[in-house]
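Just input08.csv here, CSV, C-alpha atoms:
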```
chain,number,residue,atom,x,y,z
I,301,MET,CA,-165.6,-51.0,-102.7
I,302,LYS,CA,-163.8,-50.7,-106.0
I,303,ASN,CA,-162.6,-47.3,-105.0
I,304,LYS,CA,-161.2,-48.6,-101.8
I,305,TYR,CA,-159.2,-51.2,-103.7
I,306,LYS,CA,-158.0,-48.6,-106.2
I,307,LEU,CA,-156.8,-46.4,-103.4
I,308,THR,CA,-155.0,-49.2,-101.7
I,309,ALA,CA,-153.3,-50.2,-104.9
I,310,LEU,CA,-152.3,-46.6,-105.4
I,311,LEU,CA,-150.7,-46.4,-102.0
I,312,VAL,CA,-148.8,-49.7,-102.6
I,313,ALA,CA,-147.5,-48.4,-105.9
I,314,LEU,CA,-146.4,-45.1,-104.3
I,315,SER,CA,-144.7,-46.9,-101.4
I,316,LEU,CA,-142.9,-49.2,-103.9
I,317,GLY,CA,-141.9,-46.2,-105.9
I,318,PHE,CA,-140.5,-44.4,-102.8
I,319,ALA,CA,-138.7,-47.5,-101.7
I,320,GLY,CA,-137.0,-47.8,-105.2
I,321,CYS,CA,-136.0,-44.2,-105.0
I,322,ALA,CA,-134.6,-44.7,-101.5
I,323,GLN,CA,-132.6,-47.7,-102.7
I,324,GLU,CA,-131.3,-45.9,-105.6
I,325,ALA,CA,-130.3,-42.9,-103.4
I,326,GLY,CA,-128.7,-45.2,-100.9
I,327,LYS,CA,-126.7,-46.9,-103.7
I,328,LYS,CA,-125.5,-43.5,-104.9
I,329,VAL,CA,-124.4,-42.5,-101.3
I,330,ASP,CA,-122.5,-45.9,-101.0
I,331,ASP,CA,-120.9,-45.3,-104.4
I,332,ALA,CA,-119.9,-41.8,-103.4
I,333,ALA,CA,-118.5,-43.0,-100.0
I,334,ASN,CA,-116.5,-45.7,-101.8
I,335,ASP,CA,-115.1,-43.2,-104.3
I,336,ALA,CA,-114.2,-40.9,-101.4
I,337,LYS,CA,-112.6,-43.7,-99.5
I,338,GLU,CA,-110.6,-44.8,-102.6
I,339,LYS,CA,-109.4,-41.2,-103.2
I,340,VAL,CA,-108.4,-40.8,-99.5
I,341,GLU,CA,-106.5,-44.1,-99.7
I,342,GLU,CA,-104.9,-43.0,-102.9
I,343,VAL,CA,-103.8,-39.6,-101.4
I,344,ALA,CA,-102.5,-41.3,-98.3
I,345,ASN,CA,-100.5,-43.8,-100.3
I,346,ASP,CA,-99.1,-40.9,-102.4
I,347,ALA,CA,-98.2,-39.0,-99.3
I,348,LYS,CA,-96.5,-42.1,-97.8
I,349,ASP,CA,-94.5,-42.7,-101.0
I,350,THR,CA,-93.5,-39.0,-101.0
I,351,ALA,CA,-92.5,-39.2,-97.3
I,352,ASP,CA,-90.5,-42.3,-97.9
I,353,GLU,CA,-88.7,-40.7,-100.8
I,354,ALA,CA,-88.0,-37.6,-98.8
I,355,LYS,CA,-86.7,-39.7,-95.9
I,356,GLU,CA,-84.4,-41.6,-98.3
I,357,ASP,CA,-83.2,-38.3,-99.9
I,358,ALA,CA,-82.5,-36.8,-96.4
I,359,LYS,CA,-80.6,-40.0,-95.5
I,360,ASP,CA,-78.5,-39.8,-98.6
I,361,LEU,CA,-77.8,-36.1,-98.0
I,362,ALA,CA,-76.8,-36.8,-94.4
I,363,GLU,CA,-74.5,-39.6,-95.6
I,364,ASP,CA,-73.0,-37.3,-98.2
I,365,ALA,CA,-72.4,-34.5,-95.6
I,366,LYS,CA,-70.9,-37.0,-93.2
I,367,ASP,CA,-68.5,-38.3,-95.9
I,368,GLU,CA,-67.6,-34.7,-96.9
I,369,ALA,CA,-66.9,-33.7,-93.3
I,370,LYS,CA,-64.8,-36.8,-92.8
I,371,ASP,CA,-62.8,-36.1,-95.9
I,372,LYS,CA,-62.2,-32.5,-94.8
I,373,ALA,CA,-61.2,-33.6,-91.3
I,374,SER,CA,-58.8,-36.1,-92.8
I,375,ASP,CA,-57.3,-33.5,-95.2
I,376,ALA,CA,-56.9,-31.1,-92.3
I,377,LEU,CA,-55.2,-33.7,-90.2
I,378,ASP,CA,-52.9,-34.6,-93.1
I,379,LYS,CA,-52.1,-30.9,-93.7
I,380,ALA,CA,-51.4,-30.4,-90.0
I,381,LYS,CA,-49.1,-33.3,-89.9
I,382,SER,CA,-47.2,-32.1,-92.9
I,383,THR,CA,-47.0,-28.6,-91.4
I,384,LEU,CA,-45.6,-30.0,-88.1
I,385,GLU,CA,-43.2,-32.5,-89.8
I,386,GLY,CA,-39.7,-31.9,-88.5
I,387,LYS,CA,-40.9,-29.4,-85.9
I,388,LEU,CA,-41.4,-29.6,-82.1
I,389,VAL,CA,-44.6,-28.6,-80.4
I,390,LEU,CA,-45.0,-27.3,-76.8
I,391,ARG,CA,-48.5,-28.0,-75.5
I,392,ARG,CA,-50.0,-27.1,-72.1
I,393,SER,CA,-53.2,-28.0,-70.4
I,394,LEU,CA,-54.9,-28.1,-67.0
I,395,LYS,CA,-55.9,-31.4,-65.5
I,396,ALA,CA,-57.4,-33.0,-62.4
I,397,ALA,CA,-54.7,-35.6,-62.0
I,398,HIS,CA,-54.8,-36.1,-58.2
I,399,GLY,CA,-57.9,-35.8,-56.1
I,400,GLU,CA,-60.4,-33.0,-55.9
I,401,GLY,CA,-58.4,-30.5,-53.8
I,402,SER,CA,-55.9,-29.3,-56.4
I,403,PHE,CA,-55.4,-29.1,-60.2
I,404,ALA,CA,-52.3,-29.9,-62.3
I,405,ARG,CA,-50.7,-27.8,-65.0
I,406,ILE,CA,-49.0,-30.0,-67.5
I,407,ALA,CA,-46.6,-29.0,-70.3
I,408,VAL,CA,-45.4,-31.5,-72.9
I,409,ILE,CA,-43.0,-31.0,-75.8
I,410,THR,CA,-43.5,-33.5,-78.7
I,411,ASP,CA,-41.6,-34.4,-81.8
I,412,GLY,CA,-44.2,-36.1,-83.9
I,413,ASP,CA,-45.7,-38.8,-81.6
I,414,LYS,CA,-42.6,-38.9,-79.4
I,415,ILE,CA,-42.4,-37.1,-76.0
I,416,VAL,CA,-39.3,-34.9,-75.9
I,417,ASP,CA,-39.9,-33.3,-72.5
I,418,ALA,CA,-42.6,-32.8,-69.9
I,419,ALA,CA,-43.3,-30.6,-66.9
I,420,ILE,CA,-45.7,-31.1,-64.0
I,421,ASP,CA,-46.8,-28.8,-61.2
I,422,GLU,CA,-49.9,-28.7,-59.1
I,423,PHE,CA,-51.7,-25.9,-57.3
I,424,GLN,CA,-53.8,-26.0,-54.2
I,425,TYR,CA,-54.9,-23.6,-51.4
I,426,PHE,CA,-53.0,-23.3,-48.2
I,427,ASP,CA,-53.8,-21.5,-44.9
I,428,GLU,CA,-52.3,-18.1,-44.2
I,429,GLY,CA,-49.7,-18.4,-41.5
I,430,SER,CA,-48.9,-22.0,-42.4
I,431,GLY,CA,-45.5,-21.2,-43.6
I,432,PHE,CA,-46.1,-22.2,-47.2
I,433,LEU,CA,-45.2,-19.8,-50.0
I,434,ALA,CA,-47.9,-18.1,-52.0
I,435,LEU,CA,-47.9,-17.5,-55.8
I,436,PRO,CA,-47.5,-13.9,-56.9
I,437,ASN,CA,-50.2,-11.2,-56.2
I,438,GLN,CA,-51.2,-12.6,-52.8
I,439,ASP,CA,-48.9,-10.8,-50.4
I,440,GLU,CA,-50.8,-7.6,-50.3
I,441,ASP,CA,-54.3,-6.2,-50.9
I,442,THR,CA,-54.5,-7.2,-54.6
I,443,GLU,CA,-57.5,-7.9,-56.8
I,444,PHE,CA,-56.3,-11.4,-57.2
I,445,LYS,CA,-56.0,-12.0,-53.5
I,446,SER,CA,-59.6,-10.8,-53.0
I,447,GLY,CA,-60.7,-13.8,-55.1
I,448,ASN,CA,-59.4,-16.2,-52.4
I,449,LYS,CA,-61.6,-17.3,-49.5
I,450,SER,CA,-60.6,-15.4,-46.4
I,451,GLY,CA,-57.5,-16.9,-44.7
I,452,LYS,CA,-56.5,-18.9,-47.9
I,453,PHE,CA,-53.9,-18.4,-50.6
I,454,LEU,CA,-53.0,-20.3,-53.8
I,455,GLY,CA,-49.6,-22.1,-53.9
I,456,SER,CA,-47.5,-24.3,-56.1
I,457,LYS,CA,-46.5,-27.7,-54.8
I,458,VAL,CA,-43.1,-27.5,-56.7
I,459,VAL,CA,-42.4,-24.1,-55.2
I,460,ASN,CA,-43.2,-25.5,-51.8
I,461,ASP,CA,-41.4,-28.8,-52.4
I,462,GLU,CA,-39.5,-29.0,-49.1
I,463,LYS,CA,-42.4,-28.1,-46.8
I,464,TYR,CA,-45.0,-30.0,-48.8
I,465,SER,CA,-42.8,-33.1,-49.0
I,466,ALA,CA,-42.3,-32.9,-45.2
I,467,LEU,CA,-46.1,-33.0,-44.9
I,468,MET,CA,-46.2,-36.1,-47.2
I,469,LYS,CA,-43.6,-37.8,-45.0
I,470,GLU,CA,-45.5,-37.0,-41.8
I,471,LYS,CA,-48.9,-38.1,-43.0
I,472,ALA,CA,-48.2,-40.8,-45.5
I,473,LYS,CA,-44.6,-42.0,-44.6
I,474,ALA,CA,-43.5,-40.8,-48.1
I,475,THR,CA,-39.8,-41.4,-48.8
I,476,VAL,CA,-39.6,-39.4,-52.1
I,477,SER,CA,-40.3,-35.6,-52.3
I,478,ILE,CA,-43.1,-34.3,-54.5
I,479,ALA,CA,-40.7,-32.6,-56.9
I,480,ASP,CA,-38.6,-35.8,-57.3
I,481,ASN,CA,-41.8,-37.8,-57.9
I,482,TYR,CA,-42.8,-35.4,-60.7
I,483,LYS,CA,-39.3,-35.6,-62.1
I,484,ALA,CA,-39.4,-39.4,-62.1
I,485,ILE,CA,-42.7,-39.4,-64.0
I,486,GLN,CA,-41.4,-36.7,-66.5
I,487,ASN,CA,-38.2,-38.7,-67.1
I,488,PHE,CA,-40.1,-41.9,-67.6
I,489,ALA,CA,-42.2,-40.2,-70.3
I,490,LYS,CA,-39.2,-38.7,-72.2
I,491,GLY,CA,-38.2,-40.6,-75.3
I,492,LYS,CA,-41.4,-42.7,-75.3
I,493,THR,CA,-44.2,-42.5,-77.9
I,494,ILE,CA,-47.7,-41.6,-76.9
I,495,ASP,CA,-48.8,-45.2,-77.7
I,496,GLU,CA,-46.0,-46.6,-75.5
I,497,LEU,CA,-47.3,-44.5,-72.6
I,498,LYS,CA,-50.8,-45.6,-73.3
I,499,LYS,CA,-49.8,-49.3,-72.9
I,500,VAL,CA,-48.2,-48.5,-69.6
I,501,VAL,CA,-51.3,-46.7,-68.4
I,502,ALA,CA,-53.6,-49.5,-69.6
I,503,GLY,CA,-51.7,-52.1,-67.5
I,504,ALA,CA,-51.6,-49.9,-64.4
I,505,GLU,CA,-53.8,-50.3,-61.4
I,506,PRO,CA,-55.5,-47.1,-60.2
I,507,GLY,CA,-54.5,-45.9,-56.7
I,508,LYS,CA,-51.1,-47.6,-56.8
I,509,ALA,CA,-47.6,-46.7,-57.9
I,510,ILE,CA,-46.3,-48.1,-61.2
I,511,ASP,CA,-43.2,-50.3,-60.7
I,512,SER,CA,-41.8,-49.4,-64.2
I,513,VAL,CA,-41.8,-45.7,-63.3
I,514,THR,CA,-38.6,-45.8,-61.3
I,515,GLY,CA,-38.4,-43.3,-58.5
I,516,ALA,CA,-42.1,-42.4,-58.5
I,517,THR,CA,-44.0,-43.6,-55.4
I,518,LEU,CA,-47.2,-41.5,-55.8
I,519,VAL,CA,-50.4,-43.5,-55.8
I,520,ASP,CA,-51.7,-41.3,-58.6
I,521,THR,CA,-48.7,-41.9,-61.0
I,522,LYS,CA,-51.2,-43.3,-63.5
I,523,GLY,CA,-53.2,-40.1,-63.3
I,524,TYR,CA,-50.1,-38.0,-64.1
I,525,LEU,CA,-49.2,-40.2,-67.0
I,526,GLU,CA,-52.7,-39.9,-68.4
I,527,ALA,CA,-52.5,-36.1,-68.1
I,528,ILE,CA,-49.2,-36.1,-70.1
I,529,ILE,CA,-50.8,-38.3,-72.8
I,530,GLU,CA,-54.0,-36.1,-73.0
I,531,THR,CA,-51.8,-33.0,-73.2
I,532,ALA,CA,-49.6,-34.4,-75.9
I,533,GLU,CA,-52.8,-35.0,-78.0
I,534,ASP,CA,-54.3,-31.6,-77.3
I,535,ASP,CA,-53.8,-28.9,-79.9
I,536,GLU,CA,-55.7,-26.1,-78.1
I,537,ASN,CA,-52.8,-24.2,-76.4
I,538,THR,CA,-49.6,-24.8,-78.4
I,539,SER,CA,-46.3,-23.3,-79.6
I,540,VAL,CA,-44.7,-24.8,-82.7
I,541,PHE,CA,-40.9,-24.4,-83.0
I,542,GLU,CA,-37.7,-25.8,-84.4
I,543,ALA,CA,-34.5,-27.0,-82.7
I,544,ASN,CA,-31.1,-28.1,-84.0
I,545,LYS,CA,-31.0,-31.0,-81.5
I,546,ALA,CA,-34.2,-31.8,-79.7
I,547,ASN,CA,-32.3,-33.5,-76.9
I,548,ASP,CA,-30.3,-30.4,-76.1
I,549,ILE,CA,-33.1,-28.0,-75.5
I,550,GLN,CA,-34.0,-26.6,-72.0
I,551,ILE,CA,-37.5,-26.0,-70.9
I,552,LYS,CA,-37.9,-23.3,-68.2
I,553,GLN,CA,-40.9,-22.1,-66.2
I,554,SER,CA,-41.8,-19.3,-63.7
I,555,PHE,CA,-44.7,-17.5,-62.2
I,556,GLY,CA,-45.1,-13.7,-62.2
I,557,THR,CA,-47.5,-10.8,-62.6
I,558,ALA,CA,-46.6,-9.1,-65.9
I,559,GLY,CA,-47.1,-5.9,-63.9
I,560,ASN,CA,-50.8,-6.5,-63.2
I,561,LYS,CA,-52.5,-7.0,-59.8
I,562,ASN,CA,-55.4,-9.2,-60.9
I,563,ALA,CA,-53.7,-12.3,-62.3
I,564,ILE,CA,-50.8,-14.8,-62.0
I,565,THR,CA,-48.7,-15.2,-65.1
I,566,ASP,CA,-47.5,-18.7,-65.9
I,567,THR,CA,-44.6,-18.6,-68.5
I,568,PHE,CA,-42.7,-21.3,-70.3
I,569,VAL,CA,-39.5,-20.6,-72.3
I,570,VAL,CA,-37.6,-23.2,-74.4
I,571,MET,CA,-33.9,-22.4,-74.8
I,572,GLU,CA,-31.2,-23.7,-77.1
I,573,ASP,CA,-27.6,-22.5,-77.3
I,574,GLY,CA,-28.4,-19.4,-75.3
I,575,LYS,CA,-31.3,-18.3,-77.4
I,576,ILE,CA,-35.1,-18.5,-77.0
I,577,ILE,CA,-36.6,-20.9,-79.5
I,578,ALA,CA,-40.1,-20.9,-78.0
I,579,ALA,CA,-42.3,-19.2,-75.4
I,580,ASN,CA,-45.8,-19.8,-74.1
I,581,ILE,CA,-47.8,-17.7,-71.7
I,582,ASP,CA,-51.0,-18.2,-69.8
I,583,GLU,CA,-52.6,-16.4,-66.9
I,584,TYR,CA,-54.9,-17.4,-64.1
I,585,GLN,CA,-57.5,-14.9,-62.9
I,586,TYR,CA,-60.8,-14.9,-61.0
I,587,MET,CA,-63.7,-14.4,-63.4
I,588,GLU,CA,-67.0,-15.7,-64.6
I,589,GLY,CA,-66.4,-18.5,-67.1
I,590,LYS,CA,-64.9,-22.0,-67.3
I,591,GLY,CA,-62.9,-22.6,-64.1
I,592,VAL,CA,-59.8,-24.7,-63.7
I,593,PRO,CA,-60.3,-28.4,-63.0
I,594,ASN,CA,-62.1,-29.2,-59.6
I,595,SER,CA,-63.6,-25.7,-59.4
I,596,ASP,CA,-66.9,-27.4,-58.8
I,597,LYS,CA,-65.4,-29.7,-56.1
I,598,LYS,CA,-63.2,-29.3,-53.0
I,599,PHE,CA,-60.8,-27.0,-54.7
I,600,GLY,CA,-63.5,-24.5,-55.6
I,601,GLU,CA,-64.6,-24.3,-51.9
I,602,ASN,CA,-61.7,-21.9,-51.5
I,603,TYR,CA,-63.2,-19.2,-53.7
I,604,ALA,CA,-64.5,-16.0,-52.1
I,605,ASP,CA,-67.3,-15.9,-54.6
I,606,SER,CA,-68.6,-19.1,-56.2
I,607,LYS,CA,-69.6,-17.1,-59.3
I,608,LYS,CA,-66.0,-15.9,-59.9
I,609,VAL,CA,-63.9,-19.0,-60.4
I,610,LEU,CA,-60.2,-19.3,-60.9
I,611,ALA,CA,-59.8,-19.6,-64.6
I,612,SER,CA,-57.2,-19.8,-67.4
I,613,LYS,CA,-57.3,-16.9,-69.8
I,614,LEU,CA,-56.3,-19.1,-72.7
I,615,GLU,CA,-59.0,-21.6,-72.0
I,616,ASN,CA,-61.5,-18.6,-71.8
I,617,ASN,CA,-60.0,-16.8,-74.8
I,618,GLU,CA,-63.2,-16.2,-76.6
I,619,ALA,CA,-65.1,-14.8,-73.7
I,620,TYR,CA,-62.2,-12.8,-72.3
I,621,SER,CA,-61.4,-11.3,-75.7
I,622,LYS,CA,-65.0,-10.2,-76.0
I,623,GLN,CA,-64.6,-8.3,-72.8
I,624,MET,CA,-61.4,-6.7,-74.1
I,625,LYS,CA,-63.3,-5.6,-77.2
I,626,ASP,CA,-66.3,-4.3,-75.3
I,627,ILE,CA,-64.4,-2.5,-72.7
I,628,ALA,CA,-61.2,-1.4,-74.5
I,629,LYS,CA,-62.1,-1.7,-78.2
I,630,ALA,CA,-59.4,-4.3,-78.6
I,631,LYS,CA,-58.9,-5.4,-82.3
I,632,HIS,CA,-57.0,-8.6,-81.5
I,633,THR,CA,-58.0,-11.5,-79.2
I,634,LEU,CA,-55.9,-12.2,-76.1
I,635,ARG,CA,-54.5,-15.3,-77.8
I,636,GLU,CA,-53.4,-13.4,-80.9
I,637,ASN,CA,-51.7,-10.8,-78.7
I,638,LEU,CA,-49.8,-13.4,-76.7
I,639,ASN,CA,-48.9,-15.3,-79.8
I,640,ALA,CA,-47.5,-12.1,-81.3
I,641,ILE,CA,-45.3,-11.6,-78.3
I,642,GLU,CA,-44.2,-15.2,-78.2
I,643,ALA,CA,-43.3,-15.2,-81.9
I,644,TYR,CA,-41.3,-12.0,-81.5
I,645,VAL,CA,-38.9,-13.4,-78.9
I,646,VAL,CA,-38.0,-16.5,-81.0
I,647,GLY,CA,-34.3,-16.5,-82.0
I,648,LYS,CA,-33.4,-13.7,-79.6
I,649,THR,CA,-31.2,-13.8,-76.5
I,650,PRO,CA,-32.5,-12.9,-73.1
I,651,GLU,CA,-30.3,-9.8,-73.2
I,652,GLU,CA,-32.0,-8.6,-76.3
I,653,ILE,CA,-35.4,-9.0,-74.7
I,654,LYS,CA,-34.2,-7.2,-71.6
I,655,GLY,CA,-33.0,-4.3,-73.9
I,656,LEU,CA,-36.5,-4.1,-75.3
I,657,VAL,CA,-38.1,-4.1,-71.9
I,658,ASP,CA,-35.8,-1.3,-70.7
I,659,GLY,CA,-36.4,0.8,-73.8
I,660,ASN,CA,-40.2,0.8,-73.5
I,661,LYS,CA,-42.6,2.2,-70.9
I,662,PRO,CA,-44.7,-0.2,-68.9
I,663,GLY,CA,-48.5,0.1,-69.5
I,664,LYS,CA,-48.1,0.8,-73.2
I,665,PRO,CA,-47.8,-1.4,-76.4
I,666,VAL,CA,-44.4,-2.0,-77.9
I,667,ASP,CA,-44.0,-0.6,-81.4
I,668,ALA,CA,-41.6,-3.4,-82.4
I,669,ILE,CA,-44.5,-5.9,-81.9
I,670,SER,CA,-47.2,-4.4,-84.1
I,671,GLU,CA,-49.8,-7.1,-83.6
I,672,ALA,CA,-49.5,-7.0,-79.8
I,673,THR,CA,-51.7,-4.1,-78.6
I,674,LEU,CA,-51.9,-5.1,-74.9
I,675,SER,CA,-50.9,-2.5,-72.4
I,676,SER,CA,-49.1,-5.2,-70.5
I,677,THR,CA,-46.8,-6.2,-73.4
I,678,VAL,CA,-43.7,-4.9,-71.6
I,679,GLY,CA,-44.7,-6.9,-68.6
I,680,TYR,CA,-45.1,-10.1,-70.6
I,681,LEU,CA,-41.7,-9.6,-72.2
I,682,ASP,CA,-40.2,-9.1,-68.8
I,683,GLU,CA,-41.7,-12.4,-67.6
I,684,ILE,CA,-40.1,-14.1,-70.6
I,685,TYR,CA,-36.8,-12.6,-69.8
I,686,LYS,CA,-37.0,-13.6,-66.1
I,687,THR,CA,-38.0,-17.1,-67.1
I,688,ALA,CA,-35.2,-17.5,-69.6
I,689,THR,CA,-32.5,-16.3,-67.1
I,690,LYS,CA,-33.9,-18.3,-64.2
```
Do you think you could lay out the structure here as structure tokens?
Amino acid sequence: MKNKYKLTALLVALSLGFAGCAQEAGKKVDDAANDAKEKVEEVANDAKDTADEAKEDAKDLAEDAKDEAKDKASDALDKAKSTLEGKLVLRRSLKAAHGEGSFARIAVITDGDKIVDAAIDEFQYFDEGSGFLALPNQDEDTEFKSGNKSGKFLGSKVVNDEKYSALMKEKAKATVSIADNYKAIQNFAKGKTIDELKKVVAGAEPGKAIDSVTGATLVDTKGYLEAIIETAEDDENTSVFEANKANDIQIKQSFGTAGNKNAITDTFVVMEDGKIIAANIDEYQYMEGKGVPNSDKKFGENYADSKKVLASKLENNEAYSKQMKDIAKAKHTLRENLNAIEAYVVGKTPEEIKGLVDGNKPGKPVDAISEATLSSTVGYLDEIYKTATK
């Protein structure tokens, strides 16, 4: 019996010993878990602090970069203004000023923020056999003509003033021709500042003529004024020049081919006292790239191939110049070539330009204009001459 009690006591002692060990082990596990938890929380807090600091640093850097960019832009603007002080600027652009079936070409001459002169024309497609006049390179089997949808050709509303105005009278009871409407809008803009025109536009009702624009009865008069304002503020396609008297200058314009079969040349020349004081050239060609306004709308429905849109070479200067480099190893961009030609004619008479044209062979660069390497240089000079003597 004693042995039995001894055995029981031993078993109790052992179980108590094991329980104590288990409790101690459990306590160690709990302590280790708490330590691990504290370390995790500490690392997490450190990481959060680091992230917050990095976020603040990034924010500060972004603000610094923004301020620096703003300062540079302001300096560039001040420099540009000082460079243009006392000079005139001819700007051109393409706009959708009236509906979706045409696009407008706007030219504006500014003296600071004042409009000195403006020119408006619009282009749309007409039916062959309709009696309307086509722009160049569409009266035969030319590459440009092949870009038109079958039975269509591109025309200028100003060139077709008489016939187009008769159509306006027939369909809308118009009493003022399209050319006279454009002239009225242009004359209204002359002598006004950009801000003055903006105030007129802000108070105008879309789809209605503007009473203060005397002689203009077009319901989209507001759109044309907006196009003039936007062009006057656009520095993409410009010619900077000087004149003795800004009010005595003449702005002339014409369409040609520059001797090529794949494009229409659109040339502006500014004259004073019988001399050329500025010139600006652009061309329209069917190509892959950024199309003229409304290319993705009704106007573009007249393309033979939707992938080859009617486009301005100036507005596609980068892509077009890359092709010139890839195909013909050109060293200068199209814009640089045209600018060199435009700069050369400044200060010369039309007769002097004609002499250069007659003294050089078409299809080759002109030695006198070293920075112009285009094979059509003679053609562009001829377009300038024709425009100046128009």
Item checked: Selected residue of minimal separation from Asn562 in chain I among I:Asp480, I:Asp548, I:Glu530, I:Asp441, counting all atoms listed in the file -> I:Asp441
Closest pair table for range 571-670 of chain I residues within 12 Å of range 536-539 of chain I, only C-alpha atoms, as CSV:
```
residue,atom,partner,partner_atom,distance
I:Ile577,CA,I:Ser539,CA,10.0
I:Ala578,CA,I:Ser539,CA,6.8
I:Ala579,CA,I:Ser539,CA,7.1
I:Asn580,CA,I:Ser539,CA,6.5
I:Ile581,CA,I:Asn537,CA,9.5
I:Asp582,CA,I:Asn537,CA,9.1
I:Ser612,CA,I:Asn537,CA,10.9
I:Lys613,CA,I:Asn537,CA,10.8
I:Leu614,CA,I:Asn537,CA,7.2
I:Glu615,CA,I:Asn537,CA,8.0
I:Asn616,CA,I:Asn537,CA,11.3
I:Asn617,CA,I:Asn537,CA,10.4
I:Arg635,CA,I:Asn537,CA,9.2
I:Glu636,CA,I:Asn537,CA,11.7
I:Leu638,CA,I:Ser539,CA,10.9
I:Asn639,CA,I:Ser539,CA,8.4
I:Ala640,CA,I:Ser539,CA,11.4
I:Ile641,CA,I:Ser539,CA,11.8
I:Glu642,CA,I:Ser539,CA,8.5
I:Ala643,CA,I:Ser539,CA,8.9
I:Val646,CA,I:Ser539,CA,10.8
```
May I have the selected residues written with C-alpha atoms, as a PDB file, keeping the file's coordinate frame?
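So the final result, stored in out30.pdb, reads:
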```pdb
ATOM      1  CA  ILE I 577     -36.600 -20.900 -79.500  1.00  0.00           C
ATOM      2  CA  ALA I 578     -40.100 -20.900 -78.000  1.00  0.00           C
ATOM      3  CA  ALA I 579     -42.300 -19.200 -75.400  1.00  0.00           C
ATOM      4  CA  ASN I 580     -45.800 -19.800 -74.100  1.00  0.00           C
ATOM      5  CA  ILE I 581     -47.800 -17.700 -71.700  1.00  0.00           C
ATOM      6  CA  ASP I 582     -51.000 -18.200 -69.800  1.00  0.00           C
ATOM      7  CA  SER I 612     -57.200 -19.800 -67.400  1.00  0.00           C
ATOM      8  CA  LYS I 613     -57.300 -16.900 -69.800  1.00  0.00           C
ATOM      9  CA  LEU I 614     -56.300 -19.100 -72.700  1.00  0.00           C
ATOM     10  CA  GLU I 615     -59.000 -21.600 -72.000  1.00  0.00           C
ATOM     11  CA  ASN I 616     -61.500 -18.600 -71.800  1.00  0.00           C
ATOM     12  CA  ASN I 617     -60.000 -16.800 -74.800  1.00  0.00           C
ATOM     13  CA  ARG I 635     -54.500 -15.300 -77.800  1.00  0.00           C
ATOM     14  CA  GLU I 636     -53.400 -13.400 -80.900  1.00  0.00           C
ATOM     15  CA  LEU I 638     -49.800 -13.400 -76.700  1.00  0.00           C
ATOM     16  CA  ASN I 639     -48.900 -15.300 -79.800  1.00  0.00           C
ATOM     17  CA  ALA I 640     -47.500 -12.100 -81.300  1.00  0.00           C
ATOM     18  CA  ILE I 641     -45.300 -11.600 -78.300  1.00  0.00           C
ATOM     19  CA  GLU I 642     -44.200 -15.200 -78.200  1.00  0.00           C
ATOM     20  CA  ALA I 643     -43.300 -15.200 -81.900  1.00  0.00           C
ATOM     21  CA  VAL I 646     -38.000 -16.500 -81.000  1.00  0.00           C
TER      22      VAL I 646
END
```
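Distances to Asn481 in chain I were evaluated for I:Glu428, I:Asp461, I:Glu505, I:Glu671 using all atoms listed in the file, and the minimum falls at I:Asp461.
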Please produce, as CSV, a per-residue contact table for range 522-565 of chain I versus range 433-438 of chain I (criterion: any atom at most 9 Å away, all atoms listed in the file considered), showing the nearest atom pair and its distance in Å to one decimal, sorted by chain then residue number.
```
residue,atom,partner,partner_atom,distance
I:Phe555,CA,I:Pro436,CA,7.0
I:Gly556,CA,I:Pro436,CA,5.8
I:Thr557,CA,I:Pro436,CA,6.5
I:Asn560,CA,I:Asn437,CA,8.5
I:Lys561,CA,I:Asn437,CA,6.0
I:Asn562,CA,I:Asn437,CA,7.3
I:Ala563,CA,I:Asn437,CA,7.1
I:Ile564,CA,I:Pro436,CA,6.1
I:Thr565,CA,I:Pro436,CA,8.4
```
Please dump the current selection as an mmCIF file, in the coordinates of the input; keep C-alpha atoms.
```
data_model
loop_
_atom_site.group_PDB
_atom_site.id
_atom_site.type_symbol
_atom_site.label_atom_id
_atom_site.label_comp_id
_atom_site.auth_asym_id
_atom_site.auth_seq_id
_atom_site.Cartn_x
_atom_site.Cartn_y
_atom_site.Cartn_z
ATOM 1 C CA PHE I 555 -44.700 -17.500 -62.200
ATOM 2 C CA GLY I 556 -45.100 -13.700 -62.200
ATOM 3 C CA THR I 557 -47.500 -10.800 -62.600
ATOM 4 C CA ASN I 560 -50.800 -6.500 -63.200
ATOM 5 C CA LYS I 561 -52.500 -7.000 -59.800
ATOM 6 C CA ASN I 562 -55.400 -9.200 -60.900
ATOM 7 C CA ALA I 563 -53.700 -12.300 -62.300
ATOM 8 C CA ILE I 564 -50.800 -14.800 -62.000
ATOM 9 C CA THR I 565 -48.700 -15.200 -65.100
#
```
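Among the candidate residues I:Ser477, I:Thr521, I:Asn547, I:Ser512, the one lying nearest to Thr410 in chain I is I:Asn547, with distances computed using only C-alpha atoms.
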Margin query: Set the distance at 10 Å and use all atoms listed in the file: which residues neighbour Tyr524 in chain I once local chain neighbours fewer than 3 positions away are removed? I'd like the list as a PyMOL selection string.
Written below: chain I and resi 395-398+404+406+420+482+485-486+501+518-521+527-530
Check: With all atoms listed in the file as the basis for distance, which of I:Thr475, I:Ser595, I:Ser446, I:Gln550 is at the shortest distance from Val416 in chain I?
Finding: I:Gln550
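If you look at CA of Ala472 in chain I and CA of Ser430 in chain I, they are 19.1 Å away from each other.
The shortest atom-to-atom distance to Gly647 in chain I, with all atoms listed in the file taken into account, belongs to I:Lys575 out of I:Lys457, I:Lys631, I:Lys575, I:Lys664.
From CA of Phe453 in chain I back to CA of Asp566 in chain I, the distance works out to 16.6 Å.
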